[in-house]
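Working notes, beginning with the structure itself.
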2 protein chains.
Amino acid sequence: MSNAYDKANELGRVLKESDEFKQLAELHNKVNEDEQAKQMLDNFRGIQMELQQKQMQGMELSEEEIQKAQSVFELVQQHELISKLMEAEQRMSQLIGDINKIIAEPLEELYGMGQE
Amino acid sequence: MSNAYDKANELGRVLKESDEFKQLAELHNKVNEDEQAKQMLDNFRGIQMELQQKQMQGMELSEEEIQKAQSVFELVQQHELISKLMEAEQRMSQLIGDINKIIAEPLEELYGMGQE
Ligand SMILES: [Ca+2]
Ligand SMILES: [Ca+2]
């Protein structure tokens with residue numbers, strides 16, 4: 001068991017030293033230092049979170065809400081720094097997702113097996 | 001990056017060879033071979049999932065639903081094999097949770113920092 005924690009710590013260190021993480025951290029800090037970019041991104045994230053919560057609660061989104069979210073998304077994508085940050089977040093999230101799949105594989109096998 | 005995948009694979013192997021996983025797999029297989037235990041557990045899981053989905057959709061649970069879930073839970077806990085399996089699942093889930101926290105630590109630090 002302590003062995004698993006050791007390996008997890010090694011993995012954490014490797015992730016922290018990865019190009020993916022370094023790029024993400026750099027872009028994150030740049031956006032945080034740019035008041036206008038930060039406001040734009042916070043605004044977008046706020047809208048995104050609001051709509052996700054509605055969907056999770058089984059509520060349907062209105063035409064207007066979907067269009068508003070789309071236009072704010074197009075706006076932030078035109079901001080080079082923000083769009084680079086969002087790409088870096090996506091790469092990191094892909095990497096973390098892949099890692100979680102690898103780690104959960106034995107459990108997947110176990111719980112996939114017993115069901116027919 | 002490939003380095004992170006290598007470490008994740010190492011971690012996956014260590015987990016698969018851990019006492020926690022081996023105990024879980026053994027109990028899982030025993031329950032699956034015991035038709036009565038399996039039915040009892042499937043029934044409990046079905047009820048649990050139904051109520052979780054309701055809660056996630058923001059619906060309130062009735063007194064009756066809560067009491068039913070509680071009595072089924074007490075029933076499965078009295079079944080030695082099932083209660084052992086559930087304990088093993090909890091230990092594994094604790095381990096995976098700890099590992100996820102360790103891996104996500106650099107991201108937590110990064111995203112905790114920019115917010116005030
Ligand atoms: Ca700030
Ligand atoms: Ca079976």
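In the structure tokens, chains take the letters A, B, ... in the order shown, each chain's residues start at 1, and ligands count up from 1 in the order shown.
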Exercise. May I ask you to extract the residues of chain A within 8 Å of chain B, using only C-alpha atoms, and to give them as a PyMOL selection string?
Key: chain A and resi 1+3-5+7-12+14-16+18-20+25+28-29+32+56-58+99+102-106+110+114
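Omitting Val72 (chain A) and its sequence neighbours fewer than 5 positions away, and counting only C-alpha atoms, the residues within 10 Å are Met40, Leu41, Asn43, Phe44, Arg45, Ile47, Gln48, Gln67 and Gln77 of chain A.
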Quiz item: Pick from A:Glu64, A:Glu108, A:Glu80, A:Asp42: nearest to Leu27 (chain A), with only C-alpha atoms counted?
Solution: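 Checking each candidate against Leu27 (chain A), we get A:Glu80 as the closest.
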Quiz item: Hey, can you check how far CA of Arg91 (chain B) sits from CA of Ser93 (chain A)?
Solution: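 Pair CA of Arg91 (chain B) / CA of Ser93 (chain A) returns 26.3 Å.
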Practice problem: Mind giving me the straight-line distance from CA of Glu89 (chain A) to CA of Lys22 (chain A) in Å, one decimal? | Solution: 11.2 Å
Quiz item: How far is it from CA of Met86 (chain A) to CA of Phe73 (chain A), in Å with one decimal?
Solution: 10.9 Å
